[in-house]
Every structure is written in structure tokens, then in C-alpha cells.
>>> print(open('coords.txt').read())   # compact mmCIF, C-alpha atoms and all ligand atoms
# COMPACT_ATOMS: atom_id res chain seq x y z
CA MET U 40 5.48 4.40 10.89
CA LYS U 41 4.00 1.00 11.50
CA VAL U 42 2.99 -0.35 8.09
CA ILE U 43 1.23 -3.49 6.86
CA VAL U 44 1.82 -4.45 3.22
CA THR U 45 -0.65 -6.95 1.75
CA GLY U 46 0.18 -8.94 -1.39
CA ALA U 47 3.78 -8.86 -0.17
CA GLY U 48 4.70 -11.86 -2.34
CA GLY U 49 3.99 -9.97 -5.56
CA LEU U 50 6.08 -7.66 -7.72
CA VAL U 51 4.98 -4.37 -6.16
CA GLY U 52 4.47 -5.87 -2.69
CA ARG U 53 8.08 -7.05 -2.50
CA ALA U 54 9.35 -3.69 -3.68
CA ALA U 55 7.12 -1.96 -1.13
CA VAL U 56 8.44 -4.02 1.80
CA SER U 57 12.00 -3.36 0.72
CA SER U 58 11.54 0.38 0.15
CA LEU U 59 9.59 1.05 3.35
CA THR U 60 12.08 -0.93 5.41
CA THR U 61 14.89 1.17 3.93
CA ALA U 62 12.90 4.30 4.82
CA GLY U 63 12.96 3.17 8.45
CA ASP U 64 9.36 2.02 8.78
CA ASP U 65 8.27 -0.87 10.96
CA VAL U 66 6.97 -3.09 8.14
CA THR U 67 4.94 -6.29 8.24
CA GLY U 68 4.69 -7.85 4.79
CA LEU U 69 1.83 -10.32 4.40
CA ASP U 70 1.68 -12.58 1.34
CA ARG U 71 -1.49 -14.38 0.30
CA ASN U 72 -0.81 -17.30 2.67
CA ALA U 73 -0.50 -14.90 5.58
CA LEU U 74 -3.58 -12.85 4.69
CA ASP U 75 -6.27 -13.41 2.06
CA ILE U 76 -7.67 -9.91 1.67
CA SER U 77 -11.08 -11.28 0.67
CA ASP U 78 -11.44 -13.07 4.04
CA GLU U 79 -13.42 -10.61 6.12
CA SER U 80 -12.69 -12.02 9.58
CA ALA U 81 -8.98 -12.50 8.82
CA VAL U 82 -8.67 -8.93 7.53
CA ARG U 83 -10.41 -7.52 10.57
CA ALA U 84 -8.43 -9.65 13.04
CA THR U 85 -5.07 -8.85 11.39
CA VAL U 86 -5.57 -5.11 11.18
CA GLU U 87 -7.11 -4.79 14.62
CA SER U 88 -4.45 -6.90 16.34
CA GLN U 89 -1.56 -5.01 14.71
CA SER U 90 -3.12 -1.56 14.80
CA PRO U 91 -0.86 -0.11 12.07
CA ASP U 92 -0.53 3.55 11.09
CA VAL U 93 -0.81 2.61 7.43
CA VAL U 94 -2.01 -0.36 5.37
CA ILE U 95 -0.71 -0.59 1.80
CA ASN U 96 -2.65 -2.99 -0.40
CA CYS U 97 -0.52 -4.52 -3.16
CA ALA U 98 -2.67 -7.67 -3.39
CA ALA U 99 -4.73 -8.26 -6.51
CA TRP U 100 -5.65 -10.96 -8.99
CA THR U 101 -3.61 -9.56 -11.87
CA ASP U 102 -4.27 -12.21 -14.54
CA VAL U 103 -6.03 -9.84 -16.94
CA ASP U 104 -7.24 -12.62 -19.28
CA GLY U 105 -8.00 -15.06 -16.45
CA CYS U 106 -10.35 -12.51 -14.87
CA GLU U 107 -12.59 -12.70 -17.99
CA PHE U 108 -13.43 -16.31 -17.09
CA ASP U 109 -13.92 -15.93 -13.33
CA GLN U 110 -15.59 -12.65 -12.54
CA GLN U 111 -16.38 -13.70 -8.98
CA ARG U 112 -12.75 -14.38 -8.15
CA ALA U 113 -11.75 -11.06 -9.74
CA MET U 114 -14.33 -9.18 -7.71
CA ARG U 115 -13.35 -10.90 -4.47
CA ALA U 116 -9.67 -10.06 -4.78
CA ASN U 117 -9.83 -6.72 -6.58
CA ALA U 118 -13.03 -5.11 -5.27
CA LEU U 119 -14.13 -6.81 -2.04
CA GLY U 120 -10.55 -7.05 -0.73
CA PRO U 121 -9.85 -3.28 -0.87
CA GLU U 122 -13.25 -2.59 0.66
CA LEU U 123 -12.61 -4.93 3.61
CA LEU U 124 -9.16 -3.44 4.18
CA ALA U 125 -10.55 0.11 4.04
CA LEU U 126 -13.23 -0.77 6.60
CA ALA U 127 -10.62 -2.35 8.89
CA CYS U 128 -8.43 0.75 8.54
CA ARG U 129 -11.37 2.91 9.47
CA LYS U 130 -11.91 0.84 12.61
CA VAL U 131 -8.34 1.45 13.82
CA GLY U 132 -7.89 4.93 12.30
CA ALA U 133 -5.14 3.87 9.86
CA LEU U 134 -4.38 5.45 6.51
CA PHE U 135 -5.24 3.12 3.62
CA ILE U 136 -3.28 3.07 0.37
CA THR U 137 -4.45 0.73 -2.40
CA ILE U 138 -2.82 0.16 -5.78
CA SER U 139 -4.90 0.38 -8.92
CA THR U 140 -4.33 0.42 -12.65
CA ASP U 141 -4.11 2.51 -15.82
CA TYR U 142 -6.52 -0.06 -17.31
CA VAL U 143 -9.47 1.72 -15.63
CA PHE U 144 -9.37 3.93 -18.77
CA ASP U 145 -10.64 2.85 -22.19
CA GLY U 146 -7.68 4.16 -24.18
CA GLU U 147 -9.71 6.30 -26.55
CA LYS U 148 -8.10 9.55 -25.40
CA GLU U 149 -5.13 11.08 -27.18
CA GLY U 150 -2.43 12.06 -24.72
CA PHE U 151 -2.16 11.45 -20.99
CA TYR U 152 -4.96 10.40 -18.65
CA THR U 153 -5.26 12.57 -15.55
CA GLN U 154 -7.53 12.57 -12.52
CA ARG U 155 -9.98 14.67 -14.57
CA ASP U 156 -10.64 11.82 -17.01
CA GLN U 157 -13.58 9.52 -16.55
CA PRO U 158 -12.68 5.84 -16.16
CA ASN U 159 -14.35 3.42 -18.54
CA PRO U 160 -12.92 -0.06 -17.98
CA LEU U 161 -12.91 -2.41 -20.96
CA GLY U 162 -12.64 -5.82 -19.27
CA VAL U 163 -13.42 -7.71 -16.07
CA TYR U 164 -10.01 -7.11 -14.48
CA ALA U 165 -10.23 -3.36 -15.12
CA ALA U 166 -13.83 -3.17 -13.92
CA SER U 167 -13.01 -5.07 -10.73
CA LYS U 168 -10.07 -2.74 -10.03
CA LEU U 169 -12.22 0.36 -10.54
CA ASP U 170 -14.84 -1.12 -8.25
CA GLY U 171 -12.10 -1.69 -5.66
CA GLU U 172 -11.06 1.98 -5.86
CA ARG U 173 -14.61 3.16 -5.38
CA ARG U 174 -15.55 0.74 -2.62
CA ALA U 175 -12.40 1.64 -0.68
CA GLN U 176 -13.01 5.37 -1.03
CA ALA U 177 -16.68 4.97 -0.05
CA SER U 178 -15.70 2.91 3.01
CA TRP U 179 -13.00 5.13 4.48
CA ALA U 180 -12.21 8.79 3.88
CA ARG U 181 -8.49 8.32 4.56
CA THR U 182 -7.99 6.28 1.39
CA ILE U 183 -5.28 6.95 -1.18
CA VAL U 184 -5.65 5.23 -4.57
CA VAL U 185 -2.40 4.86 -6.50
CA ARG U 186 -2.89 4.10 -10.19
CA SER U 187 0.14 2.88 -12.10
CA GLY U 188 0.87 0.95 -15.26
CA TYR U 189 3.33 -1.10 -17.36
CA ILE U 190 5.13 -2.02 -14.13
CA PHE U 191 8.42 -3.89 -14.37
CA GLY U 192 10.86 -5.08 -11.75
CA ALA U 193 13.01 -7.88 -10.49
CA GLY U 194 11.88 -11.34 -9.62
CA GLY U 195 8.33 -11.25 -10.87
CA LEU U 196 6.39 -12.57 -13.84
CA ASN U 197 6.08 -9.07 -15.31
CA PHE U 198 6.50 -8.68 -19.07
CA LEU U 199 9.97 -7.17 -19.00
CA SER U 200 11.76 -9.62 -16.74
CA THR U 201 10.10 -12.48 -18.64
CA PHE U 202 11.33 -11.00 -21.93
CA LEU U 203 14.87 -10.52 -20.66
CA ASP U 204 15.01 -14.05 -19.25
CA ARG U 205 13.80 -15.57 -22.52
CA ALA U 206 16.07 -13.41 -24.68
CA ARG U 207 19.07 -14.47 -22.60
CA ARG U 208 18.16 -18.01 -23.61
CA GLY U 209 18.16 -16.88 -27.28
CA GLN U 210 14.38 -17.07 -27.75
CA HIS U 211 12.53 -14.83 -30.25
CA LEU U 212 9.81 -12.63 -28.79
CA LYS U 213 6.74 -10.87 -30.12
CA VAL U 214 6.15 -7.36 -28.77
CA ILE U 215 3.14 -5.10 -29.23
CA ASN U 216 4.09 -1.82 -30.89
CA ASP U 217 0.73 -0.06 -31.15
CA SER U 218 -0.48 0.31 -27.54
CA PHE U 219 1.09 2.87 -25.24
CA GLY U 220 1.48 3.29 -21.50
CA THR U 221 3.79 4.93 -18.99
CA PRO U 222 6.42 2.35 -17.95
CA THR U 223 7.06 2.23 -14.22
CA TYR U 224 9.85 0.60 -12.25
CA ALA U 225 8.36 -1.18 -9.22
CA SER U 226 11.18 0.14 -7.00
CA HIS U 227 10.45 3.75 -8.01
CA LEU U 228 6.71 3.29 -7.50
CA ALA U 229 7.29 1.75 -4.08
CA GLY U 230 9.67 4.59 -3.24
CA ARG U 231 6.68 6.93 -3.30
CA PHE U 232 4.66 5.05 -0.68
CA HIS U 233 6.49 6.40 2.38
CA ARG U 234 6.09 10.00 1.18
CA LEU U 235 2.41 9.51 0.35
CA ALA U 236 1.86 8.06 3.81
CA GLU U 237 3.65 11.01 5.43
CA LEU U 238 1.57 13.50 3.43
CA ASP U 239 -1.64 11.66 4.31
CA LEU U 240 -3.59 13.50 1.60
CA PRO U 241 -6.45 11.27 0.40
CA GLY U 242 -7.22 11.13 -3.30
CA ILE U 243 -6.24 9.40 -6.50
CA TYR U 244 -2.59 9.59 -7.56
CA HIS U 245 -1.11 8.52 -10.89
CA ILE U 246 2.40 7.29 -10.08
CA VAL U 247 4.51 6.39 -13.12
CA ASN U 248 8.01 7.05 -14.41
CA ALA U 249 8.39 10.39 -16.20
CA GLY U 250 8.56 10.89 -19.95
CA GLU U 251 6.43 10.61 -23.03
CA GLY U 252 5.38 7.00 -22.38
CA ALA U 253 6.11 4.04 -24.61
CA SER U 254 4.79 0.93 -26.34
CA PHE U 255 5.77 -2.51 -25.03
CA ALA U 256 8.05 -2.73 -28.09
CA GLN U 257 9.86 0.50 -27.17
CA VAL U 258 10.22 -0.67 -23.56
CA ALA U 259 11.63 -4.02 -24.70
CA GLU U 260 13.99 -2.40 -27.23
CA THR U 261 15.32 -0.01 -24.59
CA ALA U 262 15.84 -2.83 -22.10
CA PHE U 263 17.57 -5.01 -24.71
CA GLU U 264 19.89 -2.14 -25.58
CA LYS U 265 20.74 -1.51 -21.91
CA ALA U 266 21.22 -5.22 -21.22
CA GLY U 267 23.34 -5.77 -24.35
CA LEU U 268 20.86 -8.22 -25.89
CA ASP U 269 20.23 -8.73 -29.61
CA ARG U 270 17.31 -6.56 -30.77
CA GLU U 271 16.83 -8.88 -33.74
CA LEU U 272 15.18 -11.28 -31.29
CA LEU U 273 12.20 -8.88 -31.10
CA GLU U 274 9.35 -9.02 -33.60
CA ASN U 275 6.81 -6.19 -33.61
CA ILE U 276 3.14 -7.15 -33.69
CA SER U 277 -0.16 -5.27 -33.28
CA LEU U 278 -2.41 -5.42 -30.22
CA ASP U 279 -5.27 -6.88 -32.29
CA SER U 280 -3.17 -9.70 -33.75
CA LEU U 281 -3.07 -11.45 -30.37
CA SER U 282 -6.88 -11.91 -30.01
CA ARG U 283 -6.60 -12.23 -26.26
CA PRO U 284 -9.76 -12.77 -24.15
CA ALA U 285 -9.56 -9.40 -22.36
CA PRO U 286 -9.62 -6.12 -24.27
CA ARG U 287 -6.81 -3.69 -23.38
CA PRO U 288 -6.66 0.10 -23.79
CA ARG U 289 -4.57 1.30 -26.76
CA ASN U 290 -3.40 4.25 -24.74
CA SER U 291 -3.18 4.24 -20.96
CA ARG U 292 -0.48 6.84 -20.37
CA LEU U 293 -0.88 8.53 -17.00
CA ARG U 294 -0.05 11.97 -15.67
CA CYS U 295 -0.61 13.07 -12.05
CA LEU U 296 -2.15 16.51 -11.56
CA LEU U 297 -2.19 16.00 -7.81
CA SER U 298 1.54 15.23 -7.44
CA GLU U 299 2.31 18.28 -9.56
CA ALA U 300 -0.04 20.51 -7.54
CA ILE U 301 1.54 19.55 -4.21
CA GLY U 302 5.05 19.89 -5.62
CA MET U 303 6.20 16.27 -5.49
CA GLU U 304 9.39 15.88 -7.48
CA PRO U 305 8.94 14.08 -10.84
CA MET U 306 9.73 10.37 -10.95
CA PRO U 307 12.89 9.36 -12.86
CA TYR U 308 12.60 9.26 -16.67
CA TRP U 309 11.43 5.83 -17.86
CA ARG U 310 14.50 5.07 -19.99
CA ASP U 311 16.73 5.79 -16.98
CA ALA U 312 14.50 3.53 -14.89
CA ILE U 313 14.96 0.71 -17.40
CA CYS U 314 18.70 1.32 -17.33
CA GLU U 315 18.68 1.03 -13.54
CA PHE U 316 16.59 -2.14 -13.73
CA ALA U 317 18.86 -3.70 -16.38
CA GLU U 318 21.93 -2.92 -14.26
CA GLU U 319 20.34 -4.38 -11.14
CA THR U 320 19.28 -7.60 -12.88
CA ALA U 321 22.72 -7.92 -14.49
CA ALA U 322 24.35 -7.46 -11.09
CA ALA U 323 22.03 -10.11 -9.63
CA SER U 324 22.80 -12.65 -12.38
CA PRO U 325 26.12 -11.66 -14.00
CA SER U 326 26.56 -14.91 -15.88
CA GLU U 327 23.13 -14.65 -17.51
CA ALA U 328 23.61 -11.03 -18.48
CA THR U 329 26.67 -11.59 -20.63
N1 LIG T 401 2.10 -5.34 -13.06
C1 LIG T 401 1.59 -4.31 -13.72
O1 LIG T 401 1.99 -3.98 -14.84
C2 LIG T 401 0.51 -3.48 -13.09
C3 LIG T 401 0.01 -2.39 -13.82
C4 LIG T 401 -0.95 -1.57 -13.23
C5 LIG T 401 -1.39 -1.82 -11.95
N2 LIG T 401 -0.92 -2.91 -11.27
C6 LIG T 401 -1.44 -3.13 -9.93
O2 LIG T 401 -0.35 -3.21 -9.03
C7 LIG T 401 -0.72 -4.01 -7.90
C8 LIG T 401 0.35 -5.03 -7.65
O3 LIG T 401 0.43 -5.87 -8.80
P1 LIG T 401 1.72 -6.74 -9.11
O4 LIG T 401 2.19 -6.34 -10.45
O5 LIG T 401 2.64 -6.75 -7.94
O6 LIG T 401 1.02 -8.17 -9.27
P2 LIG T 401 1.48 -9.59 -8.72
O7 LIG T 401 2.94 -9.76 -8.87
O8 LIG T 401 0.53 -10.55 -9.38
O9 LIG T 401 1.15 -9.50 -7.17
C9 LIG T 401 -0.13 -9.56 -6.65
C10 LIG T 401 -0.06 -10.41 -5.40
O10 LIG T 401 -1.37 -10.45 -4.81
C11 LIG T 401 -1.58 -11.76 -4.35
N3 LIG T 401 -3.01 -12.02 -4.20
C12 LIG T 401 -3.92 -12.38 -5.15
N4 LIG T 401 -5.13 -12.52 -4.59
C13 LIG T 401 -5.00 -12.27 -3.26
C14 LIG T 401 -5.87 -12.26 -2.16
N5 LIG T 401 -7.18 -12.55 -2.30
N6 LIG T 401 -5.38 -11.95 -0.93
C15 LIG T 401 -4.07 -11.67 -0.77
N7 LIG T 401 -3.18 -11.66 -1.77
C16 LIG T 401 -3.64 -11.95 -3.01
C17 LIG T 401 -0.93 -12.64 -5.38
O11 LIG T 401 -0.67 -13.90 -4.82
P3 LIG T 401 -0.66 -15.21 -5.76
O12 LIG T 401 0.38 -14.95 -6.80
O13 LIG T 401 -0.35 -16.30 -4.82
O14 LIG T 401 -2.04 -15.28 -6.36
C18 LIG T 401 0.34 -11.86 -5.68
O15 LIG T 401 1.39 -12.22 -4.82
C19 LIG T 401 -2.09 -4.59 -8.24
O16 LIG T 401 -3.09 -3.82 -7.64
C20 LIG T 401 -2.19 -4.42 -9.75
O17 LIG T 401 -3.54 -4.32 -10.17
C21 LIG T 401 0.02 -3.74 -11.81
>>> encode(input="coords.txt", output="C-alpha cells", more="lines below")
Ligand SMILES: NC(=O)c1ccc[n+]([C@@H]2O[C@H](COP(=O)([O-])OP(=O)(O)OC[C@H]3O[C@@H](n4cnc5c(N)ncnc54)[C@H](OP(=O)(O)O)[C@@H]3O)[C@@H](O)[C@H]2O)c1
Amino acid sequence: MKVIVTGAGGLVGRAAVSSLTTAGDDVTGLDRNALDISDESAVRATVESQSPDVVINCAAWTDVDGCEFDQQRAMRANALGPELLALACRKVGALFITISTDYVFDGEKEGFYTQRDQPNPLGVYAASKLDGERRAQASWARTIVVRSGYIFGAGGLNFLSTFLDRARRGQHLKVINDSFGTPTYASHLAGRFHRLAELDLPGIYHIVNAGEGASFAQVAETAFEKAGLDRELLENISLDSLSRPAPRPRNSRLRCLLSEAIGMEPMPYWRDAICEFAEETAAASPSEAT
């Protein structure tokens, strides 16, 4: 398949380019310099000139607190961008896959959020992402929305790699122990994209690592254990104690009814995913990991 990946400089975008290339796809990864997804003429020109089979949108403005202070920028990147890409895909008859977030839910539910639950975003970032889902789906029937959450992976500014880097320098870290999500390894998430493109079944998918979900504190503790780091460096705190500008859901654990219904194999268990991640980062920087 001929695939364009937007936001290819980001955590998920890099994993997507790597995974799709391994799967044998003809992949063009475009970072923000190569394509600003909120630039209508650039989006149209890029998609029309390349005429891909699939466009996978991993671009977003992911600064959850920053979005509270610049709603226009959030809406351009997270809502207008997916809409423009969906319209361009429609023009060339390409499948469109766009990544969204567990934060579309308000966290008031006990248990897992499925496709049957009504989104109710709490902040500007979450609202802009939900708007992006809806605009994309309204613009082009062959749209797949992939919601994920608590994503970690190599080389990005995600919470887990930041924690590991700082702990390896002996720094103490505060971790939230009273909000819960479904941790997801970027490589495992990206590993689903090829299959979703092959299936070409539009809808909303919740793609996360398997298991009961976890708090950031449990994720960090597991990673520290796997990486052989001192757990005493971690201090548990509550979500409310941080008083951050953007509200976050207390529970955003996801489960995918659609994947189950079509018989997709479960994703690896989240603790195993963290183990794999810790081993890969240790292999990449052996001196830091000891
Ligand atoms: N990380 C998580 O825990 C998490 C959880 C749930 C859902 N998601 C979703 O997963 C997707 C990928 O996120 P990520 O974790 O990979 O975030 P990321 O590392 O911040 O990557 C996003 C990329 O998009 C780029 N970008 C921003 N605005 C753009 C624009 N207008 N045009 C083109 N590119 C633009 C960014 O470039 P610059 O850095 O140069 O701005 C960045 O390289 C997003 O849809 C996000 O909402 C992430």
C-alpha cells in the first residue's frame, strides 16, 4: 500500500513510519515542516500529487495545557487539520485514518470506555480532538478514528521516557496515583495501522495495550522495576494537587468493542509492553541504563 503519514516527527508518527515500512508499505512520512495539516492548499496539493491508498494522520498539537491558552491553534491543528485531510482523501479515494484520544471522555464512568459511551471532553485539547474526529467522519465516509491513551515510546517527550531519563540522572519524580488509563506502547499502536488499513472498515477503534489499565504511578513503578531503577525516586501525588490549567479525566481506560467483534487479536498486556520498551531503551543506551 502507498501510505502517507502526517506528523511523522512525533512519537506515534515515527513509530507508524517504522512499522508500516517493516510491513512492506510504500511510506512517505511528512513532519510538520514537510506538511502543515492546517494549510488547506498544501494538504490538497500533497495528497493529490501523491495519490496514496491511505493517509494516516499522527499530527496534532498535543500540549494539553498549552491548548487552554490558544484555542485557535488547537482547533487548527486538531480539528481543521483532520477535516482537510479527510476532504483530500475523499478527492483521491484514499482511506483516512486519524489518531484521537481517550481524553474525549470526562472520566466519570467506572470501568472501561467503549464506543457506546458518549464523549464529553473536559478541556480545549480534548474538545478540539473530538471536533477533529467528527469533522473527519462528516467529510469522508472512509474515515477510521483510532483513539488511544497514555502512549509511551522511544525518543519522544512522552511521560515515561522523560521519567526514565530523569531517574537515570538520579532525580526525584512526582507521579499521579489517582487517575487511570490504558497504557499503550507507540510501537504496538502503530503495529495495528497496517491491519486497519487492510480491513478498510470505517468506524471508531480504541487501540490500547491489554489489561486492567493503570495509573501513571503504576506505569512508572513497572517501568522502574523493568529498567532496574530505584523506586524510592518516585513520590505519589494526586491529580488535583498539580492544579494544571487543563482538566483531565480521572478514568480514561479504553476497551474496543469493534476490534473484539471482528476478531482482531488482543494487544500485548501493558506490563509486557513496558518490559519491551524498557529493554529497547536499555539496548539503545546501555551506559545510561545501568
Ligand atoms: N501521547 C499520548 O499519550 C497520546 C494519548 C492519546 C492520544 N494521542 C494522540 O496521538 C497522536 C500522536 O500524538 P504524539 O503522542 O505522537 O504527539 P507528538 O509527539 O506531539 O507528535 C505530534 C506531531 O504533530 C506535529 N504537528 C503539530 N501541529 C501540526 C500541524 N499543524 N501540521 C503538521 N504537524 C503538526 C508536531 O510537530 P511539532 O512538535 O513540531 O509541533 C509533532 O511532531 C495525536 O493525535 C494525539 O492526540 C497521544
>>> closest_residue(input="coords.txt", among="U:Gln110, U:Thr67, U:Thr140, U:Ser280", to="ligand LIG 401 (chain T)", atoms="all atoms listed in the file")
U:Thr140
>>> atom_distance(input="coords.txt", atom1="CA of Val86 in chain U", atom2="atom C21 of ligand LIG 401 (chain T)")
23.7 Å
>>> closest_atom_pairs(input="coords.txt", of="chain U", to="ligand LIG 401 (chain T)", cutoff="8 Å", atoms="only C-alpha atoms and all ligand atoms", output="tab-separated table")
residue	atom	partner	partner_atom	distance
U:Thr45	CA	T:LIG401	C15	6.4
U:Gly46	CA	T:LIG401	O10	4.0
U:Ala47	CA	T:LIG401	O15	6.2
U:Gly48	CA	T:LIG401	O15	4.2
U:Gly49	CA	T:LIG401	O9	3.3
U:Leu50	CA	T:LIG401	O5	3.6
U:Val51	CA	T:LIG401	O5	3.8
U:Gly52	CA	T:LIG401	O5	5.6
U:Arg53	CA	T:LIG401	O5	7.7
U:Leu69	CA	T:LIG401	C15	8.0
U:Asp70	CA	T:LIG401	N7	5.8
U:Arg71	CA	T:LIG401	N7	3.8
U:Asn72	CA	T:LIG401	C15	7.4
U:Ala73	CA	T:LIG401	C15	8.0
U:Leu74	CA	T:LIG401	C15	5.6
U:Asp75	CA	T:LIG401	N6	3.4
U:Ile76	CA	T:LIG401	N6	4.0
U:Ser77	CA	T:LIG401	N5	5.1
U:Asp78	CA	T:LIG401	N5	7.7
U:Asn96	CA	T:LIG401	O16	7.3
U:Cys97	CA	T:LIG401	C8	4.6
U:Ala98	CA	T:LIG401	O10	3.4
U:Ala99	CA	T:LIG401	O10	4.4
U:Trp100	CA	T:LIG401	C12	4.4
U:Thr101	CA	T:LIG401	O8	4.9
U:Asp102	CA	T:LIG401	O8	7.2
U:Arg115	CA	T:LIG401	N5	6.7
U:Ala116	CA	T:LIG401	N5	4.3
U:Asn117	CA	T:LIG401	O16	7.4
U:Gly120	CA	T:LIG401	N5	6.6
U:Thr137	CA	T:LIG401	O16	7.1
U:Ile138	CA	T:LIG401	O16	4.4
U:Ser139	CA	T:LIG401	O16	4.7
U:Thr140	CA	T:LIG401	C5	3.8
U:Asp141	CA	T:LIG401	C4	5.8
U:Tyr142	CA	T:LIG401	C4	7.1
U:Lys168	CA	T:LIG401	O17	6.7
U:Arg186	CA	T:LIG401	C5	6.4
U:Ser187	CA	T:LIG401	C4	4.7
U:Gly188	CA	T:LIG401	C4	3.7
U:Tyr189	CA	T:LIG401	O1	4.1
U:Ile190	CA	T:LIG401	O1	3.8
U:Phe191	CA	T:LIG401	O1	6.4
U:Gly195	CA	T:LIG401	O7	5.9
U:Leu196	CA	T:LIG401	O7	6.7
U:Asn197	CA	T:LIG401	N1	5.9
U:Phe198	CA	T:LIG401	O1	7.8
>>> residues_around(input="coords.txt", residues="Glu274 in chain U", least_positions_apart="5", cutoff="8 Å", atoms="all atoms listed in the file", output="number ranges by chain")
U: 211-214
>>> atom_distance(input="coords.txt", atom1="CA of Val93 in chain U", atom2="CA of Ala166 in chain U")
25.7 Å
>>> residues_around(input="coords.txt", residues="range 150-154 of chain U", least_positions_apart="4", cutoff="6 Å", atoms="all atoms listed in the file", output="PyMOL selection string")
chain U and resi 292-295
>>> write_last_selection(input="coords.txt", atoms="C-alpha atoms", output="compact mmCIF listing (two decimals), in the coordinates of the input")
# COMPACT_ATOMS: atom_id res chain seq x y z
CA ARG U 292 -0.48 6.84 -20.37
CA LEU U 293 -0.88 8.53 -17.00
CA ARG U 294 -0.05 11.97 -15.67
CA CYS U 295 -0.61 13.07 -12.05
>>> atom_distance(input="coords.txt", atom1="CA of Lys148 in chain U", atom2="CA of Ala285 in chain U")
19.2 Å
>>> closest_atom_pairs(input="coords.txt", of="range 260-279 of chain U", to="range 288-291 of chain U", cutoff="12 Å", atoms="all atoms listed in the file", output="JSON lines")
{"residue": "U:Ser277", "atom": "CA", "partner": "U:Arg289", "partner_atom": "CA", "distance": 10.3}
{"residue": "U:Leu278", "atom": "CA", "partner": "U:Arg289", "partner_atom": "CA", "distance": 7.9}
{"residue": "U:Asp279", "atom": "CA", "partner": "U:Arg289", "partner_atom": "CA", "distance": 9.9}
>>> write_last_selection(input="coords.txt", atoms="C-alpha atoms", output="PDB file, in the frame of the given file")
ATOM      1  CA  SER U 277      -0.160  -5.270 -33.280  1.00  0.00           C
ATOM      2  CA  LEU U 278      -2.410  -5.420 -30.220  1.00  0.00           C
ATOM      3  CA  ASP U 279      -5.270  -6.880 -32.290  1.00  0.00           C
TER       4      ASP U 279
END
>>> closest_residue(input="coords.txt", among="U:Ser226, U:Ser178, U:Ser218, U:Gln89", to="Val66 in chain U", atoms="only C-alpha atoms")
U:Gln89
>>> closest_residue(input="coords.txt", among="U:Ala206, U:Leu228, U:Ile95, U:Ala253", to="Gly267 in chain U", atoms="all atoms listed in the file")
U:Ala206
>>> residues_around(input="coords.txt", residues="Tyr164 in chain U", least_positions_apart="6", cutoff="7 Å", atoms="only C-alpha atoms", output="list in words")
Val103, Cys106 and Ala113 of chain U
>>> closest_residue(input="coords.txt", among="U:Ala256, U:Ala249, U:Leu297, U:Cys314", to="Phe202 in chain U", atoms="all atoms listed in the file")
U:Ala256
>>> closest_residue(input="coords.txt", among="U:Gly250, U:Tyr224, U:Ala55, U:Gln111", to="Ala193 in chain U", atoms="all atoms listed in the file")
U:Tyr224
>>> closest_residue(input="coords.txt", among="U:Gly209, U:Gly220, U:Gly194, U:Gly242", to="Ala54 in chain U", atoms="all atoms listed in the file")
U:Gly194
